[in-house]
$ cat query-v9.cif   # mmCIF, C-alpha atoms
data_upload
#
loop_
_atom_site.label_atom_id
_atom_site.label_comp_id
_atom_site.auth_asym_id
_atom_site.auth_seq_id
_atom_site.Cartn_x
_atom_site.Cartn_y
_atom_site.Cartn_z
CA GLY A 1 24.77 -26.39 -6.75
CA THR A 2 25.21 -22.65 -6.17
CA GLY A 3 21.89 -22.14 -4.41
CA LEU A 4 21.19 -19.41 -6.98
CA VAL A 5 18.58 -18.99 -9.71
CA THR A 6 20.43 -19.73 -12.97
CA GLY A 7 19.60 -19.71 -16.66
CA LEU A 8 17.37 -16.61 -16.53
CA PRO A 9 19.56 -13.71 -17.70
CA LEU A 10 18.13 -10.25 -18.17
CA GLY A 11 17.66 -8.84 -21.65
CA SER A 12 17.48 -5.36 -23.16
CA ASN A 13 14.87 -3.81 -25.41
CA GLY A 14 17.36 -1.26 -26.73
CA ASP A 15 16.98 1.30 -23.94
CA PRO A 16 20.12 2.27 -21.98
CA ILE A 17 21.23 -0.36 -19.44
CA TYR A 18 24.25 1.58 -18.09
CA GLY A 19 26.80 -1.13 -18.74
CA TYR A 20 24.78 -3.93 -17.14
CA ASP A 21 26.51 -7.26 -17.73
CA LEU A 22 24.09 -9.50 -19.63
CA ASP A 23 26.70 -12.23 -20.14
CA THR A 24 26.03 -14.15 -16.93
CA VAL A 25 24.57 -17.54 -16.02
CA ALA A 26 23.34 -16.37 -12.60
CA ASP A 27 21.98 -12.85 -12.85
CA THR A 28 21.96 -10.93 -9.56
CA THR A 29 18.89 -8.82 -10.29
CA VAL A 30 16.91 -11.95 -11.17
CA ASN A 31 17.99 -13.55 -7.90
CA VAL A 32 17.09 -10.46 -5.84
CA MET A 33 13.69 -10.35 -7.53
CA ALA A 34 13.22 -14.01 -6.67
CA VAL A 35 13.88 -13.22 -2.99
CA ASN A 36 11.22 -10.53 -3.18
CA ALA A 37 8.82 -12.98 -4.84
CA PHE A 38 9.33 -15.61 -2.13
CA ASN A 39 8.78 -13.01 0.59
CA ARG A 40 5.64 -11.61 -1.05
CA ILE A 41 4.16 -15.07 -1.52
CA ALA A 42 4.90 -15.79 2.13
CA GLN A 43 3.02 -12.62 3.07
CA VAL A 44 0.03 -13.64 0.93
CA ALA A 45 0.03 -17.11 2.50
CA GLY A 46 0.10 -15.52 5.95
CA VAL A 47 -2.90 -13.33 5.14
CA LEU A 48 -4.75 -16.43 3.92
CA GLY A 49 -3.87 -18.27 7.12
CA ASP A 50 -1.68 -20.85 5.38
CA THR A 51 1.14 -20.84 7.92
CA GLY A 52 2.82 -23.88 6.39
CA GLN A 53 3.19 -22.31 2.97
CA ALA A 54 4.23 -19.01 4.55
CA ALA A 55 7.06 -20.81 6.34
CA VAL A 56 8.16 -22.65 3.18
CA GLN A 57 8.35 -19.49 1.10
CA SER A 58 10.02 -17.49 3.86
CA THR A 59 12.67 -20.20 4.22
CA ARG A 60 13.30 -20.09 0.47
CA GLY A 61 13.76 -16.33 0.66
CA VAL A 62 16.24 -16.64 3.53
CA GLY A 63 18.20 -19.35 1.72
CA LEU A 64 18.42 -17.43 -1.54
CA THR A 65 19.44 -14.26 0.32
CA ALA A 66 22.31 -16.19 1.90
CA ALA A 67 23.37 -17.53 -1.49
CA ILE A 68 23.36 -14.03 -3.01
CA ASN A 69 25.43 -12.64 -0.16
CA GLY A 70 27.81 -15.57 -0.34
CA ARG A 71 28.33 -15.71 -4.12
CA LEU A 72 27.51 -12.36 -5.77
CA VAL A 73 29.41 -9.79 -3.68
CA ARG A 74 32.90 -8.51 -4.41
CA SER A 75 35.54 -7.92 -1.75
CA ASP A 76 34.48 -4.32 -0.99
CA GLY A 77 30.91 -5.42 -0.16
CA VAL A 78 29.32 -4.20 -3.41
CA TYR A 79 27.08 -6.49 -5.48
CA VAL A 80 28.15 -7.48 -9.00
CA ASP A 81 25.81 -8.14 -11.92
CA GLY A 82 26.14 -11.93 -11.68
CA LEU A 83 28.26 -15.02 -12.13
CA ARG A 84 29.98 -15.79 -15.44
CA ALA A 85 29.89 -19.28 -16.96
CA GLY A 86 33.12 -20.34 -15.27
CA GLY A 87 31.85 -19.31 -11.86
CA THR A 88 33.80 -16.04 -11.77
CA LEU A 89 32.23 -12.79 -10.67
CA SER A 90 31.05 -10.31 -13.27
CA PRO A 91 33.49 -7.38 -13.49
CA HIS A 92 30.57 -4.94 -13.48
CA ALA A 93 28.62 -3.68 -10.43
CA SER A 94 25.55 -1.83 -11.66
CA GLN A 95 23.47 0.66 -9.76
CA GLN A 96 20.42 -1.44 -10.64
CA VAL A 97 21.71 -4.52 -8.84
CA ASN A 98 22.80 -2.66 -5.72
CA ALA A 99 19.61 -0.60 -5.54
CA SER A 100 17.50 -3.74 -5.83
CA ALA A 101 19.49 -5.52 -3.14
CA LEU A 102 18.90 -2.62 -0.72
CA ALA A 103 15.28 -2.04 -1.70
CA TYR A 104 14.32 -5.70 -1.22
CA GLY A 105 16.14 -6.29 2.06
CA VAL A 106 18.98 -8.48 0.78
CA VAL A 107 21.83 -6.30 2.11
CA PRO A 108 22.93 -7.15 5.68
CA PRO A 109 22.75 -4.16 8.08
CA ALA A 110 26.55 -4.06 8.43
CA ARG A 111 26.97 -3.39 4.71
CA MET A 112 24.06 -1.02 4.07
CA LYS A 113 26.23 2.09 4.42
CA THR A 114 28.81 0.72 1.96
CA VAL A 115 26.24 -0.20 -0.66
CA GLY A 116 24.33 3.05 -0.14
CA SER A 117 27.47 5.17 -0.62
CA TYR A 118 28.26 3.28 -3.82
CA LEU A 119 24.74 3.95 -5.10
CA ALA A 120 24.83 7.65 -4.25
CA GLY A 121 28.12 8.06 -6.11
CA LEU A 122 26.51 6.88 -9.37
CA GLY A 123 23.83 9.60 -9.56
CA ILE A 124 20.98 8.17 -11.63
CA SER A 125 22.39 5.21 -13.54
CA VAL A 126 19.19 3.20 -13.89
CA SER A 127 16.28 3.55 -16.27
CA PRO A 128 13.00 5.03 -14.94
CA ASP A 129 11.48 1.58 -14.37
CA HIS A 130 14.02 1.05 -11.57
CA GLY A 131 13.63 4.56 -10.14
CA LEU A 132 11.46 3.46 -7.22
CA GLU A 133 14.04 0.86 -6.19
CA LEU A 134 16.80 3.48 -6.34
CA LEU A 135 14.91 5.96 -4.18
CA ARG A 136 13.84 3.31 -1.67
CA ALA A 137 17.42 2.04 -1.52
CA LEU A 138 18.85 5.46 -0.68
CA HIS A 139 16.27 5.87 2.08
CA ALA A 140 17.00 2.39 3.44
CA ALA A 141 20.67 3.34 3.67
CA GLY A 142 19.83 6.56 5.55
CA LEU A 143 20.80 8.78 2.60
CA ASP A 144 17.73 10.99 2.51
CA ASN A 145 19.71 14.04 1.38
CA ASP A 146 20.78 12.08 -1.70
CA PHE A 147 17.16 10.98 -2.13
CA VAL A 148 16.04 14.62 -2.26
CA HIS A 149 18.95 15.57 -4.53
CA LEU A 150 18.06 12.97 -7.17
CA LEU A 151 14.45 14.12 -7.18
CA THR A 152 15.27 17.83 -7.49
CA ASP A 153 18.47 18.17 -9.57
CA THR A 154 17.45 19.55 -12.98
CA GLN A 155 20.97 19.24 -14.39
CA ILE A 156 21.02 15.44 -14.61
CA PRO A 157 18.68 13.17 -16.58
CA GLY A 158 15.95 12.42 -14.08
CA TRP A 159 12.59 13.48 -12.70
CA ALA A 160 13.39 17.15 -12.09
CA HIS A 161 14.82 17.54 -15.59
CA ILE A 162 11.59 16.20 -17.07
CA VAL A 163 9.59 18.78 -15.11
CA ALA A 164 12.06 21.56 -16.03
CA VAL A 165 11.57 20.97 -19.77
CA GLY A 166 7.78 20.90 -19.49
CA GLY A 167 7.06 17.22 -18.93
CA THR A 168 4.10 16.27 -16.77
CA PHE A 169 4.83 12.57 -16.23
CA THR A 170 7.89 10.34 -16.21
CA TRP A 171 9.09 9.21 -19.62
CA GLU A 172 9.81 5.61 -20.61
CA THR A 173 13.52 6.46 -20.71
CA TRP A 174 15.41 9.55 -19.53
CA THR A 175 16.33 10.36 -23.16
CA PRO A 176 13.31 9.25 -25.22
CA SER A 177 13.32 8.81 -28.99
CA ASP A 178 10.26 9.21 -31.18
CA LEU A 179 11.99 7.06 -33.80
CA ILE A 180 11.55 3.92 -31.68
CA GLY A 181 8.28 5.01 -30.10
CA ASP A 182 9.39 5.75 -26.53
CA SER A 183 6.45 6.83 -24.38
CA MET A 184 6.44 10.31 -22.84
CA SER A 185 3.88 9.19 -20.23
CA HIS A 186 4.77 5.76 -18.96
CA GLY A 187 3.07 3.84 -16.17
CA TRP A 188 6.23 3.14 -14.21
CA GLY A 189 6.71 6.88 -13.71
CA SER A 190 4.33 6.68 -10.77
CA GLY A 191 7.09 4.97 -8.77
CA ALA A 192 8.61 8.34 -7.84
CA LEU A 193 5.29 9.44 -6.37
CA VAL A 194 5.16 6.31 -4.20
CA ALA A 195 8.67 7.04 -2.91
CA MET A 196 7.74 10.66 -2.19
CA GLN A 197 4.77 9.52 -0.12
CA GLU A 198 6.84 6.95 1.76
CA VAL A 199 9.86 9.15 2.49
CA LEU A 200 9.00 12.84 2.12
CA LEU A 201 5.55 12.47 3.70
CA GLY A 202 6.68 9.56 5.86
CA VAL A 203 3.52 7.51 5.25
CA MET A 204 3.44 3.74 4.80
CA PRO A 205 0.44 1.38 4.78
CA VAL A 206 0.29 -1.17 7.58
CA THR A 207 -1.37 -4.56 7.26
CA PRO A 208 -4.62 -4.24 9.22
CA ALA A 209 -6.26 -6.94 11.27
CA ALA A 210 -8.31 -9.42 9.25
CA GLY A 211 -11.23 -7.54 7.79
CA GLY A 212 -10.04 -4.35 9.46
CA ALA A 213 -9.97 -0.79 8.19
CA PRO A 214 -6.88 0.80 6.57
CA VAL A 215 -3.98 1.67 8.89
CA LEU A 216 -1.16 4.09 8.07
CA ASP A 217 2.26 4.28 9.68
CA ILE A 218 3.29 7.97 9.81
CA ARG A 219 6.76 9.27 10.72
CA PRO A 220 8.48 12.67 10.25
CA PRO A 221 10.25 13.18 6.91
CA PRO A 222 14.01 13.86 6.69
CA ALA A 223 15.25 16.75 8.83
CA GLY A 224 14.73 20.21 7.42
CA LEU A 225 11.84 19.46 5.07
CA ASN A 226 8.49 21.18 5.24
CA VAL A 227 6.12 19.18 3.09
CA SER A 228 2.43 18.49 2.63
CA GLY A 229 0.55 15.99 0.53
CA THR A 230 -2.19 13.43 0.28
CA VAL A 231 -2.24 9.64 0.36
CA PRO A 232 -5.15 7.61 -1.06
CA THR A 233 -6.51 4.76 1.03
CA PRO A 234 -9.47 2.40 0.51
CA ALA A 235 -11.31 4.50 3.12
CA GLY A 236 -10.61 7.84 1.45
CA THR A 237 -7.81 10.39 1.26
CA ALA A 238 -5.43 11.12 4.14
CA THR A 239 -3.76 14.54 4.32
CA VAL A 240 -0.37 15.10 5.95
CA ASP A 241 1.35 18.47 6.48
CA TRP A 242 4.73 18.73 8.26
CA ARG A 243 6.23 22.04 9.47
CA ARG A 244 9.50 22.55 11.38
CA ALA A 245 10.82 25.42 13.48
CA GLY A 246 14.12 24.49 15.09
CA SER A 247 13.56 21.27 17.01
CA THR A 248 9.77 21.73 17.06
CA ILE A 249 7.67 19.75 14.60
CA ASP A 250 4.04 20.49 13.76
CA LEU A 251 1.86 17.92 12.02
CA ALA A 252 -1.55 18.73 10.59
CA LEU A 253 -3.23 15.38 9.94
CA VAL A 254 -6.58 14.39 8.47
CA LEU A 255 -7.57 10.72 8.53
CA PRO A 256 -10.71 9.69 6.62
CA PRO A 257 -13.59 7.86 8.33
CA ASN A 258 -12.86 4.19 9.04
CA ALA A 259 -9.07 4.69 8.80
CA SER A 260 -6.51 4.97 11.59
CA ALA A 261 -2.79 5.64 11.98
CA GLN A 262 0.23 4.63 14.02
CA LEU A 263 2.01 7.93 14.53
CA HIS A 264 5.67 8.18 15.62
CA LEU A 265 6.89 11.60 16.79
CA PRO A 266 10.31 12.57 18.17
CA ALA A 267 9.92 13.33 21.87
CA SER A 268 11.36 12.16 25.16
CA GLY A 269 7.87 11.39 26.41
CA PRO A 270 4.16 12.15 25.96
CA GLY A 271 4.60 15.34 27.97
CA ASN A 272 6.54 16.82 25.04
CA LEU A 273 3.55 16.42 22.74
CA THR A 274 0.31 18.32 22.36
CA GLU A 275 -2.70 17.99 20.08
CA GLY A 276 -4.59 21.16 19.27
CA GLY A 277 -2.66 22.88 22.05
CA LYS A 278 -3.90 20.37 24.65
CA PRO A 279 -2.00 17.60 26.49
CA LEU A 280 -2.39 14.20 24.87
CA ALA A 281 -4.39 12.98 27.85
CA ARG A 282 -7.16 15.36 26.79
CA ALA A 283 -6.98 14.60 23.05
CA ALA A 284 -9.95 12.63 21.73
CA GLY A 285 -9.09 9.75 19.44
CA VAL A 286 -5.44 9.58 20.55
CA THR A 287 -3.88 6.73 22.55
CA VAL A 288 -0.26 6.61 23.70
CA LEU A 289 1.29 3.26 22.76
CA GLY A 290 4.74 3.78 24.27
CA THR A 291 8.09 5.55 24.15
CA ALA A 292 11.31 4.13 22.72
CA GLY A 293 14.42 5.43 21.01
CA GLY A 294 13.47 9.06 21.48
CA GLN A 295 10.09 8.57 19.81
CA VAL A 296 6.57 8.46 21.16
CA ALA A 297 4.21 6.06 19.39
CA LEU A 298 0.53 6.99 19.18
CA SER A 299 -2.58 5.30 17.88
CA VAL A 300 -4.78 7.86 16.13
CA ALA A 301 -8.39 7.34 15.07
CA ALA A 302 -10.09 8.95 12.08
CA GLY A 303 -10.41 12.72 12.41
CA THR A 304 -8.60 16.04 12.09
CA TYR A 305 -5.57 16.76 14.30
CA ARG A 306 -2.75 19.23 14.90
CA PHE A 307 0.17 17.68 16.77
CA THR A 308 3.16 19.63 18.08
CA SER A 309 6.33 17.85 19.16
CA THR A 310 9.08 19.58 21.13
CA PRO A 311 11.74 16.86 21.59
CA ARG A 312 13.99 19.04 23.77
CA ARG A 313 12.89 21.46 26.48
#

$ encode --input "query-v9.cif" --output "structure tokens"
Amino acid sequence: GTGLVTGLPLGSNGDPIYGYDLDTVADTTVNVMAVNAFNRIAQVAGVLGDTGQAAVQSTRGVGLTAAINGRLVRSDGVYVDGLRAGGTLSPHASQQVNASALAYGVVPPARMKTVGSYLAGLGISVSPDHGLELLRALHAAGLDNDFVHLLTDTQIPGWAHIVAVGGTFTWETWTPSDLIGDSMSHGWGSGALVAMQEVLLGVMPVTPAAGGAPVLDIRPPPAGLNVSGTVPTPAGTATVDWRRAGSTIDLALVLPPNASAQLHLPASGPGNLTEGGKPLARAAGVTVLGTAGGQVALSVAAGTYRFTSTPRR
């Protein structure tokens, strides 16, 4: 009668859980994951052309999101770990729960800042398997400086500390123990690399048209960062290199054959952009899609480019 998933509490394999309340009948993380599952299944159904099933699963996701926001949030807008047997809220509000709620789109826009600030104040209080959710959550809340801090602070248990002590891949837990066989090279460590591509490089995959070639959505990384990197696609490797000088942004971009990109650059209009030193009107493979919110959207075909954006003149 709660509208929530019940009877599926989380467990622990002995690794740190940072005070997570396991004594609940309706676990918030389980419910948030169920929302994500409904939404993903709806996406799959849409790709397969099953609009009826897509609508059913989407409706389930919306309904469960409403139940979470109605039953599993304390008075200050932060998510608790679940409902106790008597229907009372858990007294604990973990970073894991709040990161998951932000990462999977459960948090209403009006409360994203509140939940994000709560997350940022906890440092890294999740195990590495939830690291991607934590980083995505900080970005969703507009806290990219905190995102960078958690990736680069060597003084706290986290990714930078692992690198500082000679590690080459993320461990199974921030403080591994050989006695219980913790892995020093665990598969879920790759989550940080995904977040770095999404946020620091500003590259996200876009669902292409049926049978179409890979499409990337590319946007500038957080202010002040100069960063370069590569992103694998089914068509080959894309290379992205951002450089800033004041308000001017330079982007060196290589898109592999049969791939394309939707590029969003800060500018008041196409006249504030050049490619290879030329106006966009003379740039082969580049189409202006429109201008909105201080950004110019471009469609870019496969090839090698050098864009320069001067938002203010």

$ closest_residue --input "query-v9.cif" --among "A:Ala34, A:Met196, A:His186, A:Thr29" --to "Thr152 (chain A)" --atoms "all atoms listed in the file"
A:Met196

$ resolve_selection --input "query-v9.cif" --expression "the PyMOL selection byres ((chain A and resi 283-299) around 9)" --output "PyMOL selection string"
chain A and resi 260-270+273-276+278-282+300-303+311

$ resolve_selection --input "query-v9.cif" --expression "the PyMOL selection byres ((chain A and resi 35) around 8)" --output "list in words"
Asn31, Val32, Met33, Ala34, Asn36, Ala37, Phe38, Asn39, Arg60, Gly61, Val62, Leu64, Thr65, Tyr104 and Val106 of chain A

$ write_last_selection --input "query-v9.cif" --atoms "C-alpha atoms" --output "compact mmCIF listing (two decimals), in the coordinates of the input"
# COMPACT_ATOMS: atom_id res chain seq x y z
CA ASN A 31 17.99 -13.55 -7.90
CA VAL A 32 17.09 -10.46 -5.84
CA MET A 33 13.69 -10.35 -7.53
CA ALA A 34 13.22 -14.01 -6.67
CA ASN A 36 11.22 -10.53 -3.18
CA ALA A 37 8.82 -12.98 -4.84
CA PHE A 38 9.33 -15.61 -2.13
CA ASN A 39 8.78 -13.01 0.59
CA ARG A 60 13.30 -20.09 0.47
CA GLY A 61 13.76 -16.33 0.66
CA VAL A 62 16.24 -16.64 3.53
CA LEU A 64 18.42 -17.43 -1.54
CA THR A 65 19.44 -14.26 0.32
CA TYR A 104 14.32 -5.70 -1.22
CA VAL A 106 18.98 -8.48 0.78

$ closest_residue --input "query-v9.cif" --among "A:Gly46, A:Gly77, A:Gly181, A:Gly19" --to "Ala209 (chain A)" --atoms "only C-alpha atoms"
A:Gly46

$ closest_residue --input "query-v9.cif" --among "A:Thr308, A:Gly158, A:Val148, A:Val194" --to "Gly224 (chain A)" --atoms "only C-alpha atoms"
A:Val148

$ closest_residue --input "query-v9.cif" --among "A:Asp182, A:Gly11, A:Val199, A:Ile156" --to "Leu143 (chain A)" --atoms "all atoms listed in the file"
A:Val199

$ closest_residue --input "query-v9.cif" --among "A:Gly3, A:Pro221, A:Pro234, A:Gly52" --to "Gly202 (chain A)" --atoms "only C-alpha atoms"
A:Pro221

$ closest_residue --input "query-v9.cif" --among "A:Val227, A:Val163, A:Ala235, A:Ala195" --to "Leu251 (chain A)" --atoms "all atoms listed in the file"
A:Val227

$ atom_distance --input "query-v9.cif" --atom1 "CA of Asp76 (chain A)" --atom2 "CA of Thr59 (chain A)"
27.5 Å

$ resolve_selection --input "query-v9.cif" --expression "the PyMOL selection byres ((chain A and resi 98) around 8)" --output "list in words"
Val78, Tyr79, Val80, Ala93, Ser94, Gln95, Gln96, Val97, Ala99, Ser100, Ala101, Leu102, Val115 and Leu119 of chain A

$ residues_around --input "query-v9.cif" --residues "Asp129 (chain A)" --least-positions-apart "6" --cutoff "10 Å" --atoms "only C-alpha atoms" --output "list of chain:residue names"
A:Thr170, A:Trp171, A:Glu172, A:Thr173, A:His186, A:Gly187, A:Trp188, A:Gly189, A:Ser190, A:Gly191, A:Ala192

$ atom_distance --input "query-v9.cif" --atom1 "CA of Val44 (chain A)" --atom2 "CA of Gln197 (chain A)"
23.7 Å

$ atom_distance --input "query-v9.cif" --atom1 "CA of Leu8 (chain A)" --atom2 "CA of His139 (chain A)"
29.2 Å

$ decode --input "query-v9.cif" --residues "region 252-277 of chain A" --atoms "N, CA and C atoms" --output "PDB file, in the first residue's frame"
ATOM      1  N   ALA A 252      39.936  21.157 -30.210  1.00  0.00           N
ATOM      2  CA  ALA A 252      40.473  20.312 -31.278  1.00  0.00           C
ATOM      3  C   ALA A 252      39.705  18.996 -31.223  1.00  0.00           C
ATOM      4  N   LEU A 253      39.065  18.639 -32.317  1.00  0.00           N
ATOM      5  CA  LEU A 253      38.151  17.501 -32.337  1.00  0.00           C
ATOM      6  C   LEU A 253      38.443  16.601 -33.525  1.00  0.00           C
ATOM      7  N   VAL A 254      38.524  15.304 -33.256  1.00  0.00           N
ATOM      8  CA  VAL A 254      38.664  14.311 -34.319  1.00  0.00           C
ATOM      9  C   VAL A 254      37.541  13.297 -34.160  1.00  0.00           C
ATOM     10  N   LEU A 255      36.692  13.193 -35.188  1.00  0.00           N
ATOM     11  CA  LEU A 255      35.607  12.217 -35.198  1.00  0.00           C
ATOM     12  C   LEU A 255      35.929  11.139 -36.221  1.00  0.00           C
ATOM     13  N   PRO A 256      35.841   9.862 -35.839  1.00  0.00           N
ATOM     14  CA  PRO A 256      36.201   8.789 -36.767  1.00  0.00           C
ATOM     15  C   PRO A 256      35.198   8.671 -37.910  1.00  0.00           C
ATOM     16  N   PRO A 257      35.573   8.030 -39.011  1.00  0.00           N
ATOM     17  CA  PRO A 257      34.651   7.825 -40.126  1.00  0.00           C
ATOM     18  C   PRO A 257      33.366   7.151 -39.650  1.00  0.00           C
ATOM     19  N   ASN A 258      32.262   7.584 -40.222  1.00  0.00           N
ATOM     20  CA  ASN A 258      30.924   7.059 -39.927  1.00  0.00           C
ATOM     21  C   ASN A 258      30.365   7.495 -38.578  1.00  0.00           C
ATOM     22  N   ALA A 259      31.047   8.396 -37.873  1.00  0.00           N
ATOM     23  CA  ALA A 259      30.510   8.968 -36.634  1.00  0.00           C
ATOM     24  C   ALA A 259      30.160  10.430 -36.888  1.00  0.00           C
ATOM     25  N   SER A 260      29.391  11.012 -35.970  1.00  0.00           N
ATOM     26  CA  SER A 260      29.067  12.435 -36.040  1.00  0.00           C
ATOM     27  C   SER A 260      28.887  12.955 -34.621  1.00  0.00           C
ATOM     28  N   ALA A 261      28.713  14.265 -34.483  1.00  0.00           N
ATOM     29  CA  ALA A 261      28.580  14.855 -33.153  1.00  0.00           C
ATOM     30  C   ALA A 261      27.580  16.001 -33.179  1.00  0.00           C
ATOM     31  N   GLN A 262      26.928  16.189 -32.027  1.00  0.00           N
ATOM     32  CA  GLN A 262      26.154  17.399 -31.759  1.00  0.00           C
ATOM     33  C   GLN A 262      27.007  18.227 -30.801  1.00  0.00           C
ATOM     34  N   LEU A 263      27.519  19.324 -31.287  1.00  0.00           N
ATOM     35  CA  LEU A 263      28.463  20.140 -30.538  1.00  0.00           C
ATOM     36  C   LEU A 263      27.774  21.395 -30.014  1.00  0.00           C
ATOM     37  N   HIS A 264      27.969  21.694 -28.724  1.00  0.00           N
ATOM     38  CA  HIS A 264      27.358  22.862 -28.091  1.00  0.00           C
ATOM     39  C   HIS A 264      28.476  23.750 -27.553  1.00  0.00           C
ATOM     40  N   LEU A 265      28.597  24.965 -28.102  1.00  0.00           N
ATOM     41  CA  LEU A 265      29.668  25.873 -27.702  1.00  0.00           C
ATOM     42  C   LEU A 265      29.076  27.180 -27.194  1.00  0.00           C
ATOM     43  N   PRO A 266      29.660  27.755 -26.128  1.00  0.00           N
ATOM     44  CA  PRO A 266      29.150  29.023 -25.605  1.00  0.00           C
ATOM     45  C   PRO A 266      29.448  30.170 -26.559  1.00  0.00           C
ATOM     46  N   ALA A 267      28.414  30.809 -27.040  1.00  0.00           N
ATOM     47  CA  ALA A 267      28.550  31.934 -27.968  1.00  0.00           C
ATOM     48  C   ALA A 267      27.191  32.576 -28.133  1.00  0.00           C
ATOM     49  N   SER A 268      27.181  33.863 -28.396  1.00  0.00           N
ATOM     50  CA  SER A 268      25.915  34.565 -28.591  1.00  0.00           C
ATOM     51  C   SER A 268      25.317  34.282 -29.957  1.00  0.00           C
ATOM     52  N   GLY A 269      26.124  33.764 -30.872  1.00  0.00           N
ATOM     53  CA  GLY A 269      25.642  33.438 -32.203  1.00  0.00           C
ATOM     54  C   GLY A 269      26.745  32.805 -33.029  1.00  0.00           C
ATOM     55  N   PRO A 270      26.416  32.258 -34.195  1.00  0.00           N
ATOM     56  CA  PRO A 270      27.428  31.620 -35.038  1.00  0.00           C
ATOM     57  C   PRO A 270      28.585  32.539 -35.406  1.00  0.00           C
ATOM     58  N   GLY A 271      28.351  33.848 -35.422  1.00  0.00           N
ATOM     59  CA  GLY A 271      29.420  34.777 -35.763  1.00  0.00           C
ATOM     60  C   GLY A 271      30.547  34.809 -34.754  1.00  0.00           C
ATOM     61  N   ASN A 272      30.312  34.265 -33.558  1.00  0.00           N
ATOM     62  CA  ASN A 272      31.343  34.206 -32.524  1.00  0.00           C
ATOM     63  C   ASN A 272      32.137  32.903 -32.561  1.00  0.00           C
ATOM     64  N   LEU A 273      31.912  32.127 -33.618  1.00  0.00           N
ATOM     65  CA  LEU A 273      32.600  30.846 -33.747  1.00  0.00           C
ATOM     66  C   LEU A 273      33.365  30.781 -35.060  1.00  0.00           C
ATOM     67  N   THR A 274      34.509  30.115 -35.009  1.00  0.00           N
ATOM     68  CA  THR A 274      35.257  29.821 -36.228  1.00  0.00           C
ATOM     69  C   THR A 274      35.692  28.360 -36.199  1.00  0.00           C
ATOM     70  N   GLU A 275      35.995  27.845 -37.378  1.00  0.00           N
ATOM     71  CA  GLU A 275      36.565  26.500 -37.477  1.00  0.00           C
ATOM     72  C   GLU A 275      37.794  26.597 -38.374  1.00  0.00           C
ATOM     73  N   GLY A 276      38.935  26.270 -37.831  1.00  0.00           N
ATOM     74  CA  GLY A 276      40.175  26.395 -38.589  1.00  0.00           C
ATOM     75  C   GLY A 276      40.461  27.825 -38.996  1.00  0.00           C
ATOM     76  N   GLY A 277      39.981  28.782 -38.192  1.00  0.00           N
ATOM     77  CA  GLY A 277      40.188  30.192 -38.505  1.00  0.00           C
ATOM     78  C   GLY A 277      39.193  30.758 -39.497  1.00  0.00           C
TER      79      GLY A 277
END
